[in-house]
Amino acid sequence: MGRPRNFDTGTAIERAMETFWTHGYANTSPAQLAEAMGVGKGSLYNTFGSKRELFELALAEYDRIGVALCRDTLAQPGSTRERLRAWMRFTVDSDQTEPVKRGCLIANTALELAAFDAEATRAVQIANGHMADAFTERIEQGLRDGDVRDGTDARAFAEFVLNTIQGMRVLAKSSDAAVLYRIIDTALAAL
């Protein structure tokens, strides 16, 4: 019979997520993960299997947290444009206030792995799909409420917003907030 686990799995996955987000998949060592998670390397492998399996859990956690925050922001009072702007500015402000400008873990994964890794590509597609679903639902609500132009293709505009945000998250690593705010205003002018 094995020793009982003396760490919280959810907290450990969140810490792994932060580590992968900061360093990328390839540049994160198992030793870094174990240290960040507060577990021994043996516990890391016994609980999570491999670095890759832990990375997949970290991506899923990032997706879950991000979509929940997005949906919460989009559900607040205000027009569709105001709520999308609030979410987009939140992503900019989050990137700008970090000591290390990390951008988006999903976009980073797409840039680092998706060109040659089918599993990473699928994880990126799933996460992007969840975010696009949230945007689509808010734009559809805006169509019903009359604060989005009639004839707007909700899914196509949601994909445009997603693309804009992902591009901004990459630019956030080397641009200041003023540039990114202008991009937000330009993108939302089309709504």
# chains A, B, ... in the order shown; residues from 1 in each chain; ligands from 1
$ closest_atom_pairs --of "stretch 42-88 of chain A" --to "stretch 9-27 of chain A" --cutoff "9 Å" --atoms "only C-alpha atoms" --output "tab-separated table"
residue	atom	partner	partner_atom	distance
A:Thr47	CA	A:Thr9	CA	8.3
A:Lys51	CA	A:Tyr25	CA	8.8
A:Arg52	CA	A:Tyr25	CA	8.5
A:Leu54	CA	A:Ile13	CA	7.3
A:Phe55	CA	A:Met17	CA	7.3
A:Leu57	CA	A:Ile13	CA	6.8
A:Ala58	CA	A:Met17	CA	4.5
A:Leu59	CA	A:Met17	CA	6.9
A:Glu61	CA	A:Glu14	CA	7.1
A:Tyr62	CA	A:Met17	CA	6.9
$ residues_around --residues "A:Asp147" --least-positions-apart "2" --cutoff "7 Å" --atoms "only C-alpha atoms" --output "PyMOL selection string"
chain A and resi 79-80+142-143+145+149
$ residues_around --residues "A:Ala190" --least-positions-apart "3" --cutoff "10 Å" --atoms "only C-alpha atoms" --output "ChimeraX atom specification"
/A:81,148-149,152,157,185-187
$ closest_residue --among "A:Arg102, A:Arg182, A:Arg155, A:Arg85" --to "A:Phe135" --atoms "only C-alpha atoms"
A:Arg155
$ decode --residues "stretch 55-102 of chain A" --atoms "N, CA and C atoms" --output "CSV table (one decimal), in the first residue's frame"
chain,number,residue,atom,x,y,z
A,55,PHE,N,1.1,18.5,-18.5
A,55,PHE,CA,0.9,19.6,-19.4
A,55,PHE,C,-0.5,19.7,-19.9
A,56,GLU,N,-1.0,18.5,-20.3
A,56,GLU,CA,-2.4,18.4,-20.8
A,56,GLU,C,-3.4,18.8,-19.7
A,57,LEU,N,-3.1,18.4,-18.5
A,57,LEU,CA,-4.0,18.8,-17.4
A,57,LEU,C,-3.9,20.3,-17.2
A,58,ALA,N,-2.7,20.9,-17.3
A,58,ALA,CA,-2.5,22.3,-17.1
A,58,ALA,C,-3.2,23.1,-18.2
A,59,LEU,N,-3.1,22.6,-19.4
A,59,LEU,CA,-3.9,23.3,-20.5
A,59,LEU,C,-5.4,23.3,-20.2
A,60,ALA,N,-5.9,22.2,-19.8
A,60,ALA,CA,-7.3,22.0,-19.5
A,60,ALA,C,-7.7,23.0,-18.4
A,61,GLU,N,-6.9,23.1,-17.4
A,61,GLU,CA,-7.2,24.0,-16.3
A,61,GLU,C,-7.1,25.4,-16.7
A,62,TYR,N,-6.2,25.8,-17.5
A,62,TYR,CA,-6.1,27.2,-18.1
A,62,TYR,C,-7.4,27.5,-18.9
A,63,ASP,N,-7.8,26.5,-19.7
A,63,ASP,CA,-9.0,26.7,-20.5
A,63,ASP,C,-10.2,26.9,-19.5
A,64,ARG,N,-10.3,26.0,-18.5
A,64,ARG,CA,-11.5,26.1,-17.6
A,64,ARG,C,-11.5,27.5,-16.9
A,65,ILE,N,-10.4,27.9,-16.4
A,65,ILE,CA,-10.3,29.1,-15.6
A,65,ILE,C,-10.6,30.3,-16.6
A,66,GLY,N,-10.0,30.3,-17.7
A,66,GLY,CA,-10.2,31.4,-18.7
A,66,GLY,C,-11.6,31.6,-19.2
A,67,VAL,N,-12.2,30.5,-19.5
A,67,VAL,CA,-13.6,30.5,-20.0
A,67,VAL,C,-14.5,31.0,-18.9
A,68,ALA,N,-14.3,30.5,-17.7
A,68,ALA,CA,-15.2,30.9,-16.6
A,68,ALA,C,-15.1,32.4,-16.3
A,69,LEU,N,-13.8,32.9,-16.3
A,69,LEU,CA,-13.6,34.4,-16.2
A,69,LEU,C,-14.3,35.2,-17.3
A,70,CYS,N,-14.1,34.7,-18.5
A,70,CYS,CA,-14.6,35.4,-19.7
A,70,CYS,C,-16.2,35.4,-19.6
A,71,ARG,N,-16.8,34.3,-19.3
A,71,ARG,CA,-18.2,34.2,-19.2
A,71,ARG,C,-18.8,35.1,-18.1
A,72,ASP,N,-18.1,35.2,-17.0
A,72,ASP,CA,-18.5,36.1,-15.9
A,72,ASP,C,-18.4,37.5,-16.4
A,73,THR,N,-17.3,37.9,-17.1
A,73,THR,CA,-17.2,39.3,-17.6
A,73,THR,C,-18.3,39.6,-18.6
A,74,LEU,N,-18.5,38.7,-19.5
A,74,LEU,CA,-19.5,38.9,-20.5
A,74,LEU,C,-20.9,39.0,-20.0
A,75,ALA,N,-21.2,38.4,-18.9
A,75,ALA,CA,-22.5,38.4,-18.3
A,75,ALA,C,-22.8,39.6,-17.5
A,76,GLN,N,-21.9,40.5,-17.2
A,76,GLN,CA,-22.1,41.7,-16.4
A,76,GLN,C,-23.0,42.6,-17.2
A,77,PRO,N,-23.6,43.6,-16.5
A,77,PRO,CA,-24.5,44.6,-17.2
A,77,PRO,C,-23.7,45.4,-18.3
A,78,GLY,N,-24.3,45.7,-19.3
A,78,GLY,CA,-23.7,46.5,-20.4
A,78,GLY,C,-24.0,46.0,-21.8
A,79,SER,N,-23.7,46.8,-22.7
A,79,SER,CA,-23.9,46.3,-24.1
A,79,SER,C,-22.8,45.2,-24.5
A,80,THR,N,-23.1,44.6,-25.6
A,80,THR,CA,-22.1,43.6,-26.1
A,80,THR,C,-20.8,44.2,-26.3
A,81,ARG,N,-20.7,45.3,-26.9
A,81,ARG,CA,-19.5,46.0,-27.2
A,81,ARG,C,-18.8,46.3,-25.9
A,82,GLU,N,-19.5,46.8,-24.9
A,82,GLU,CA,-18.9,47.2,-23.6
A,82,GLU,C,-18.3,45.9,-22.9
A,83,ARG,N,-19.1,44.8,-23.0
A,83,ARG,CA,-18.6,43.6,-22.3
A,83,ARG,C,-17.4,43.0,-23.0
A,84,LEU,N,-17.4,43.0,-24.4
A,84,LEU,CA,-16.3,42.5,-25.1
A,84,LEU,C,-15.1,43.3,-24.8
A,85,ARG,N,-15.3,44.7,-24.8
A,85,ARG,CA,-14.2,45.6,-24.5
A,85,ARG,C,-13.6,45.3,-23.1
A,86,ALA,N,-14.5,45.1,-22.2
A,86,ALA,CA,-14.1,44.8,-20.8
A,86,ALA,C,-13.2,43.5,-20.7
A,87,TRP,N,-13.6,42.5,-21.5
A,87,TRP,CA,-12.8,41.3,-21.5
A,87,TRP,C,-11.5,41.5,-22.2
A,88,MET,N,-11.5,42.2,-23.3
A,88,MET,CA,-10.3,42.4,-24.1
A,88,MET,C,-9.3,43.2,-23.2
A,89,ARG,N,-9.8,44.3,-22.6
A,89,ARG,CA,-8.9,45.1,-21.8
A,89,ARG,C,-8.4,44.3,-20.5
A,90,PHE,N,-9.2,43.5,-20.0
A,90,PHE,CA,-8.8,42.6,-18.9
A,90,PHE,C,-7.6,41.8,-19.3
A,91,THR,N,-7.6,41.2,-20.5
A,91,THR,CA,-6.5,40.4,-21.0
A,91,THR,C,-5.3,41.2,-21.2
A,92,VAL,N,-5.4,42.4,-21.7
A,92,VAL,CA,-4.3,43.4,-21.9
A,92,VAL,C,-3.7,43.7,-20.5
A,93,ASP,N,-4.6,44.2,-19.6
A,93,ASP,CA,-4.1,44.6,-18.3
A,93,ASP,C,-3.5,43.5,-17.5
A,94,SER,N,-4.0,42.3,-17.7
A,94,SER,CA,-3.4,41.1,-17.0
A,94,SER,C,-2.0,40.9,-17.5
A,95,ASP,N,-1.8,41.0,-18.9
A,95,ASP,CA,-0.5,40.8,-19.4
A,95,ASP,C,0.5,41.9,-19.0
A,96,GLN,N,0.0,43.1,-19.0
A,96,GLN,CA,0.9,44.2,-18.7
A,96,GLN,C,1.3,44.3,-17.3
A,97,THR,N,0.6,43.8,-16.3
A,97,THR,CA,0.9,43.9,-14.9
A,97,THR,C,1.8,42.8,-14.4
A,98,GLU,N,2.0,41.7,-15.2
A,98,GLU,CA,2.8,40.6,-14.8
A,98,GLU,C,4.3,41.0,-14.9
A,99,PRO,N,5.1,40.6,-14.0
A,99,PRO,CA,6.6,40.9,-14.1
A,99,PRO,C,7.2,40.2,-15.3
A,100,VAL,N,6.7,39.1,-15.7
A,100,VAL,CA,7.1,38.5,-17.0
A,100,VAL,C,5.9,38.5,-17.9
A,101,LYS,N,6.0,39.1,-19.0
A,101,LYS,CA,4.9,39.2,-19.9
A,101,LYS,C,4.8,37.8,-20.6
A,102,ARG,N,3.8,37.0,-20.2
A,102,ARG,CA,3.7,35.7,-20.6
A,102,ARG,C,2.7,35.5,-21.8
